[in-house]
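Engineer: So here's coords-v4.txt, just compact mmCIF, C-alpha atoms:
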```txt
# COMPACT_ATOMS: atom_id res chain seq x y z
CA MET F 32 0.00 0.00 0.00
CA SER F 33 1.48 3.36 -0.97
CA ASP F 34 1.12 6.70 0.72
CA THR F 35 -0.55 9.07 -1.75
CA ARG F 36 -0.24 12.20 0.39
CA ALA F 37 1.84 14.95 -1.16
CA LYS F 38 5.10 15.84 0.53
CA THR F 39 4.97 19.04 2.57
CA PRO F 40 6.82 21.77 0.64
CA ILE F 41 10.07 23.07 2.12
CA TRP F 42 8.80 26.66 1.98
CA PHE F 43 6.05 25.68 4.41
CA TRP F 44 8.57 24.35 6.94
CA ILE F 45 10.74 27.45 6.57
CA LEU F 46 7.79 29.79 7.15
CA ALA F 47 6.53 27.69 10.07
CA VAL F 48 9.93 27.81 11.82
CA ILE F 49 10.27 31.56 11.18
CA GLY F 50 6.78 32.04 12.61
CA LEU F 51 7.58 29.99 15.68
CA LEU F 52 10.71 32.07 16.36
CA TRP F 53 8.90 35.37 15.73
CA PHE F 54 5.92 34.54 17.92
CA ALA F 55 8.21 33.09 20.61
CA MET F 56 9.78 36.55 20.90
CA GLY F 57 6.33 37.97 21.61
CA ALA F 58 5.71 35.28 24.21
CA PHE F 59 9.03 36.11 25.84
CA ASP F 60 8.19 39.84 25.86
CA TYR F 61 4.84 39.16 27.48
CA SER F 62 6.34 36.79 30.06
CA ALA F 63 9.26 39.08 30.93
CA THR F 64 6.89 42.02 31.38
CA GLN F 65 4.39 40.10 33.50
CA LEU F 66 7.14 38.54 35.62
CA ARG F 67 8.84 41.95 35.86
CA LEU F 68 12.23 40.51 35.03
CA ASP F 69 14.79 43.13 35.99
CA PHE F 70 17.25 42.43 33.18
CA TYR F 71 14.46 43.04 30.64
CA MET F 72 12.45 45.80 32.29
CA SER F 73 15.54 47.89 33.15
CA ALA F 74 15.54 49.11 29.53
CA PHE F 75 12.36 51.11 30.17
CA THR F 76 11.83 54.47 31.87
CA GLU F 77 9.88 54.83 35.10
CA GLU F 78 6.95 56.29 33.14
CA GLN F 79 6.95 53.33 30.75
CA LEU F 80 7.09 50.87 33.65
CA ALA F 81 4.14 52.59 35.32
CA TYR F 82 2.29 52.39 32.02
CA PHE F 83 2.99 48.64 31.62
CA TYR F 84 2.21 47.81 35.22
CA GLY F 85 -0.98 49.86 35.13
CA PHE F 86 -2.73 47.84 32.41
CA PRO F 87 -6.24 46.72 33.38
CA ALA F 88 -6.66 42.97 33.87
CA TRP F 89 -8.86 42.59 30.79
CA TYR F 90 -6.16 44.19 28.62
CA VAL F 91 -3.50 41.88 30.04
CA ALA F 92 -5.84 38.99 29.21
CA THR F 93 -6.24 40.12 25.58
CA TRP F 94 -2.48 40.57 25.33
CA ALA F 95 -1.95 37.04 26.68
CA ILE F 96 -4.52 35.56 24.29
CA SER F 97 -2.93 37.33 21.34
CA VAL F 98 0.63 36.35 22.22
CA TRP F 99 0.03 32.77 23.29
CA GLY F 100 -2.58 32.21 20.56
CA SER F 101 -0.10 33.14 17.84
CA PHE F 102 2.62 31.03 19.47
CA ALA F 103 0.22 28.07 19.68
CA GLY F 104 -0.78 28.68 16.05
CA ALA F 105 2.88 28.45 15.02
CA VAL F 106 3.32 25.21 16.98
CA LEU F 107 0.17 23.82 15.34
CA LEU F 108 1.56 24.78 11.92
CA LEU F 109 4.66 22.73 12.66
CA MET F 110 2.39 19.87 13.72
CA ARG F 111 0.43 20.39 10.46
CA LYS F 112 -2.89 20.81 12.29
CA LYS F 113 -5.86 22.72 10.86
CA ALA F 114 -6.50 24.27 14.28
CA ALA F 115 -3.60 26.64 13.53
CA SER F 116 -5.91 28.93 11.55
CA LEU F 117 -8.35 29.16 14.47
CA MET F 118 -5.52 30.04 16.87
CA PHE F 119 -4.26 32.76 14.55
CA LEU F 120 -7.80 34.13 14.15
CA ILE F 121 -8.30 34.29 17.92
CA SER F 122 -4.89 35.93 18.26
CA LEU F 123 -5.73 38.46 15.56
CA ILE F 124 -9.02 39.45 17.17
CA SER F 125 -7.35 39.82 20.57
CA PHE F 126 -4.56 41.89 19.05
CA ILE F 127 -7.05 44.24 17.38
CA ILE F 128 -8.95 44.75 20.65
CA GLY F 129 -5.70 45.51 22.47
CA ALA F 130 -4.48 47.88 19.75
CA ILE F 131 -7.76 49.82 19.75
CA TYR F 132 -7.45 50.25 23.50
CA SER F 133 -3.75 51.12 23.43
CA TYR F 134 -3.82 53.62 20.61
CA GLY F 135 -7.37 54.89 21.04
CA PHE F 136 -7.73 55.21 24.79
CA THR F 137 -4.22 55.48 26.26
CA ASN F 138 -1.06 57.40 25.53
CA ALA F 139 0.72 54.33 24.14
CA MET F 140 2.27 56.18 21.22
CA GLU F 141 3.76 58.80 23.52
CA MET F 142 4.94 56.20 26.06
CA MET F 143 6.63 54.00 23.47
CA GLY F 144 8.37 56.63 21.40
CA GLY F 145 6.00 57.87 18.75
CA ILE F 146 5.36 56.52 15.28
CA GLY F 147 7.88 53.69 15.72
CA SER F 148 5.51 51.94 18.13
CA VAL F 149 2.68 52.21 15.61
CA ILE F 150 4.89 50.78 12.87
CA PHE F 151 5.97 47.90 15.12
CA SER F 152 2.34 47.20 16.03
CA ALA F 153 1.48 47.19 12.33
CA VAL F 154 4.26 44.65 11.70
CA ILE F 155 2.84 42.43 14.45
CA PHE F 156 -0.68 42.78 13.06
CA LEU F 157 0.48 41.93 9.54
CA SER F 158 2.47 38.96 10.87
CA ILE F 159 -0.55 37.46 12.62
CA LEU F 160 -2.73 38.18 9.59
CA GLY F 161 -0.16 36.65 7.25
CA TYR F 162 0.15 33.49 9.31
CA PHE F 163 -3.63 33.25 9.55
CA TRP F 164 -3.73 33.40 5.74
CA LEU F 165 -0.90 30.85 5.51
CA ALA F 166 -2.74 28.44 7.81
CA ARG F 167 -5.99 28.85 5.85
CA SER F 168 -4.19 28.32 2.53
CA ALA F 169 -2.24 25.33 3.83
CA SER F 170 -5.44 23.83 5.16
CA ALA F 171 -7.24 24.30 1.84
CA SER F 172 -4.37 22.75 -0.10
CA GLY F 173 -4.18 19.70 2.17
CA ILE F 174 -0.91 20.53 3.92
CA LEU F 175 -2.68 20.78 7.27
CA ARG F 176 -4.79 17.91 8.58
```
Could I get this file's structure written as C-alpha cells?

Structural biologist:
Amino acid sequence: MSDTRAKTPIWFWILAVIGLLWFAMGAFDYSATQLRLDFYMSAFTEEQLAYFYGFPAWYVATWAISVWGSFAGAVLLLMRKKAASLMFLISLISFIIGAIYSYGFTNAMEMMGGIGSVIFSAVIFLSILGYFWLARSASASGILR
C-alpha cells in the first residue's frame, strides 16, 4: 500500500519555523513584562514601567490571548494541524482589541516613542494576519490535517 499524500513543501517548513521564532519573541516579551524581570524591564523608563504595570486585567488577558494564541498557532503549523488557523484568528481578534485600546484610549504612542511603536504594532498585526492566511491556505491545499 502506498502513501498518496503529497510531501509538505520546504517553503512551508521554513515559514513555520520563522513564525515559531517570531511569535516566541512575543511570548518572551509578554512573560518578561508580566514577571517583571529586571534584566528586561531595566531598559524602560519609570513612566513606561508605570504604564505597563498599570494595564487593566482585561487588557493583560487580551495581550496574553494574542501572544500565546499566535505562538500556539505556530506550533500547530509545525504539527500540520488545521486548528492553527483558528488560533491565529483568535490571536488576531485579541490583538485588534488591544491595539484599539492602546492607541485609542491610552497614551501608548507617547509612552513608546511615537510613530515607531505604531509601525511595530502594524508589523505584528500583519504577521498574525499573514500566518492566519498561511494556515488557511495550507489547510485548503491539504498541507494541514

Engineer: Could you give me, as a PDB file with C-alpha atoms, in the coordinates of the input, the residues within 10 Å of range 159-165 of chain F, counting all atoms listed in the file and dropping anything in the same chain fewer than 2 positions from it?

Structural biologist:
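Result went into result_33.pdb, see below:
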```pdb
ATOM      1  CA  PHE F  43       6.050  25.680   4.410  1.00  0.00           C
ATOM      2  CA  LEU F  46       7.790  29.790   7.150  1.00  0.00           C
ATOM      3  CA  ALA F  47       6.530  27.690  10.070  1.00  0.00           C
ATOM      4  CA  GLY F  50       6.780  32.040  12.610  1.00  0.00           C
ATOM      5  CA  PHE F  54       5.920  34.540  17.920  1.00  0.00           C
ATOM      6  CA  SER F  97      -2.930  37.330  21.340  1.00  0.00           C
ATOM      7  CA  VAL F  98       0.630  36.350  22.220  1.00  0.00           C
ATOM      8  CA  GLY F 100      -2.580  32.210  20.560  1.00  0.00           C
ATOM      9  CA  SER F 101      -0.100  33.140  17.840  1.00  0.00           C
ATOM     10  CA  PHE F 102       2.620  31.030  19.470  1.00  0.00           C
ATOM     11  CA  GLY F 104      -0.780  28.680  16.050  1.00  0.00           C
ATOM     12  CA  ALA F 105       2.880  28.450  15.020  1.00  0.00           C
ATOM     13  CA  LEU F 108       1.560  24.780  11.920  1.00  0.00           C
ATOM     14  CA  ALA F 115      -3.600  26.640  13.530  1.00  0.00           C
ATOM     15  CA  SER F 116      -5.910  28.930  11.550  1.00  0.00           C
ATOM     16  CA  LEU F 117      -8.350  29.160  14.470  1.00  0.00           C
ATOM     17  CA  MET F 118      -5.520  30.040  16.870  1.00  0.00           C
ATOM     18  CA  PHE F 119      -4.260  32.760  14.550  1.00  0.00           C
ATOM     19  CA  LEU F 120      -7.800  34.130  14.150  1.00  0.00           C
ATOM     20  CA  ILE F 121      -8.300  34.290  17.920  1.00  0.00           C
ATOM     21  CA  SER F 122      -4.890  35.930  18.260  1.00  0.00           C
ATOM     22  CA  LEU F 123      -5.730  38.460  15.560  1.00  0.00           C
ATOM     23  CA  ILE F 124      -9.020  39.450  17.170  1.00  0.00           C
ATOM     24  CA  PHE F 126      -4.560  41.890  19.050  1.00  0.00           C
ATOM     25  CA  ALA F 153       1.480  47.190  12.330  1.00  0.00           C
ATOM     26  CA  VAL F 154       4.260  44.650  11.700  1.00  0.00           C
ATOM     27  CA  ILE F 155       2.840  42.430  14.450  1.00  0.00           C
ATOM     28  CA  PHE F 156      -0.680  42.780  13.060  1.00  0.00           C
ATOM     29  CA  LEU F 157       0.480  41.930   9.540  1.00  0.00           C
ATOM     30  CA  ARG F 167      -5.990  28.850   5.850  1.00  0.00           C
ATOM     31  CA  SER F 168      -4.190  28.320   2.530  1.00  0.00           C
ATOM     32  CA  ALA F 169      -2.240  25.330   3.830  1.00  0.00           C
ATOM     33  CA  SER F 170      -5.440  23.830   5.160  1.00  0.00           C
ATOM     34  CA  ALA F 171      -7.240  24.300   1.840  1.00  0.00           C
TER      35      ALA F 171
END
```

Engineer: Find, counting all atoms listed in the file, the residue in F:Phe136, F:Met56, F:Tyr84, F:Val106 that gets nearest to Trp44 in chain F.

Structural biologist: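 Smallest separation from Trp44 in chain F among the options: F:Val106.
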
Engineer: F:Asp60, F:Met143, F:Val149, F:Trp89: which is nearest Met72 in chain F, counting all atoms listed in the file?

Structural biologist: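 So, comparing all the options, the nearest one is F:Asp60.
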
Engineer: Take range 131-147 of chain F from the block and save it with all heavy atoms, as a short mmCIF file (atom, residue, chain, number, x, y, z; two decimals), in the first residue's frame.

Structural biologist:
```
data_model
loop_
_atom_site.label_atom_id
_atom_site.label_comp_id
_atom_site.auth_asym_id
_atom_site.auth_seq_id
_atom_site.Cartn_x
_atom_site.Cartn_y
_atom_site.Cartn_z
N ILE F 131 -6.75 48.75 19.66
CA ILE F 131 -7.76 49.82 19.75
C ILE F 131 -7.68 50.49 21.11
O ILE F 131 -7.71 51.72 21.22
CB ILE F 131 -9.17 49.26 19.47
CG1 ILE F 131 -9.31 48.89 17.99
CG2 ILE F 131 -10.25 50.26 19.89
CD1 ILE F 131 -10.56 48.11 17.65
N TYR F 132 -7.57 49.68 22.15
CA TYR F 132 -7.45 50.25 23.50
C TYR F 132 -6.16 51.06 23.63
O TYR F 132 -6.18 52.21 24.08
CB TYR F 132 -7.50 49.14 24.55
CG TYR F 132 -7.18 49.65 25.94
CD1 TYR F 132 -8.10 50.42 26.65
CD2 TYR F 132 -5.95 49.37 26.54
CE1 TYR F 132 -7.80 50.90 27.91
CE2 TYR F 132 -5.65 49.84 27.79
CZ TYR F 132 -6.57 50.61 28.48
OH TYR F 132 -6.28 51.09 29.74
N SER F 133 -5.05 50.46 23.25
CA SER F 133 -3.75 51.12 23.43
C SER F 133 -3.65 52.45 22.69
O SER F 133 -3.24 53.45 23.26
CB SER F 133 -2.61 50.21 22.95
OG SER F 133 -2.46 49.12 23.78
N TYR F 134 -4.00 52.42 21.42
CA TYR F 134 -3.82 53.62 20.61
C TYR F 134 -5.02 54.55 20.61
O TYR F 134 -4.89 55.72 20.26
CB TYR F 134 -3.42 53.23 19.18
CG TYR F 134 -2.05 52.60 19.15
CD1 TYR F 134 -1.89 51.25 18.89
CD2 TYR F 134 -0.92 53.36 19.42
CE1 TYR F 134 -0.63 50.67 18.89
CE2 TYR F 134 0.35 52.79 19.42
CZ TYR F 134 0.48 51.46 19.16
OH TYR F 134 1.73 50.89 19.17
N GLY F 135 -6.18 54.04 21.02
CA GLY F 135 -7.37 54.89 21.04
C GLY F 135 -7.71 55.47 22.39
O GLY F 135 -8.34 56.53 22.48
N PHE F 136 -7.29 54.79 23.46
CA PHE F 136 -7.73 55.21 24.79
C PHE F 136 -6.60 55.40 25.80
O PHE F 136 -6.86 55.66 26.97
CB PHE F 136 -8.73 54.18 25.34
CG PHE F 136 -9.97 54.08 24.49
CD1 PHE F 136 -10.09 53.08 23.53
CD2 PHE F 136 -11.00 55.00 24.62
CE1 PHE F 136 -11.21 52.99 22.73
CE2 PHE F 136 -12.12 54.92 23.82
CZ PHE F 136 -12.24 53.92 22.87
N THR F 137 -5.36 55.23 25.38
CA THR F 137 -4.22 55.48 26.26
C THR F 137 -3.20 56.32 25.50
O THR F 137 -3.37 56.61 24.32
CB THR F 137 -3.53 54.17 26.73
OG1 THR F 137 -2.79 53.61 25.66
CG2 THR F 137 -4.54 53.16 27.26
N ASN F 138 -2.13 56.64 26.18
CA ASN F 138 -1.06 57.40 25.53
C ASN F 138 0.08 56.48 25.10
O ASN F 138 1.26 56.80 25.25
CB ASN F 138 -0.56 58.50 26.47
CG ASN F 138 -0.03 57.95 27.78
OD1 ASN F 138 -0.27 56.81 28.14
ND2 ASN F 138 0.70 58.79 28.51
N ALA F 139 -0.26 55.34 24.54
CA ALA F 139 0.72 54.33 24.14
C ALA F 139 1.77 54.89 23.18
O ALA F 139 2.96 54.61 23.33
CB ALA F 139 0.03 53.13 23.51
N MET F 140 1.33 55.67 22.21
CA MET F 140 2.27 56.18 21.22
C MET F 140 3.30 57.08 21.89
O MET F 140 4.50 56.98 21.64
CB MET F 140 1.55 56.92 20.10
CG MET F 140 2.47 57.19 18.95
SD MET F 140 1.76 57.52 17.34
CE MET F 140 0.27 58.38 17.64
N GLU F 141 2.85 57.92 22.79
CA GLU F 141 3.76 58.80 23.52
C GLU F 141 4.70 58.00 24.43
O GLU F 141 5.90 58.26 24.50
CB GLU F 141 2.94 59.78 24.37
CG GLU F 141 3.76 60.70 25.24
CD GLU F 141 2.87 61.53 26.15
OE1 GLU F 141 1.75 61.89 25.76
OE2 GLU F 141 3.33 61.79 27.28
N MET F 142 4.15 57.02 25.12
CA MET F 142 4.94 56.20 26.06
C MET F 142 6.02 55.40 25.35
O MET F 142 7.10 55.19 25.88
CB MET F 142 4.05 55.21 26.81
CG MET F 142 3.34 55.77 27.98
SD MET F 142 4.49 56.19 29.29
CE MET F 142 4.10 57.90 29.47
N MET F 143 5.71 54.93 24.16
CA MET F 143 6.63 54.00 23.47
C MET F 143 7.44 54.66 22.35
O MET F 143 8.03 53.96 21.55
CB MET F 143 5.84 52.80 22.94
CG MET F 143 5.18 52.00 24.05
SD MET F 143 6.24 51.63 25.47
CE MET F 143 7.54 50.72 24.72
N GLY F 144 7.45 55.97 22.32
CA GLY F 144 8.37 56.63 21.40
C GLY F 144 7.83 57.05 20.06
O GLY F 144 8.57 57.12 19.09
N GLY F 145 6.54 57.30 19.96
CA GLY F 145 6.00 57.87 18.75
C GLY F 145 5.61 56.87 17.68
O GLY F 145 5.17 55.76 17.96
N ILE F 146 5.83 57.28 16.43
CA ILE F 146 5.36 56.52 15.28
C ILE F 146 6.02 55.14 15.18
O ILE F 146 5.44 54.21 14.62
CB ILE F 146 5.55 57.33 13.97
CG1 ILE F 146 4.76 56.73 12.82
CG2 ILE F 146 7.02 57.45 13.63
CD1 ILE F 146 3.29 56.88 12.94
N GLY F 147 7.20 54.98 15.75
CA GLY F 147 7.88 53.69 15.72
C GLY F 147 7.05 52.60 16.38
O GLY F 147 7.02 51.46 15.89
#
```
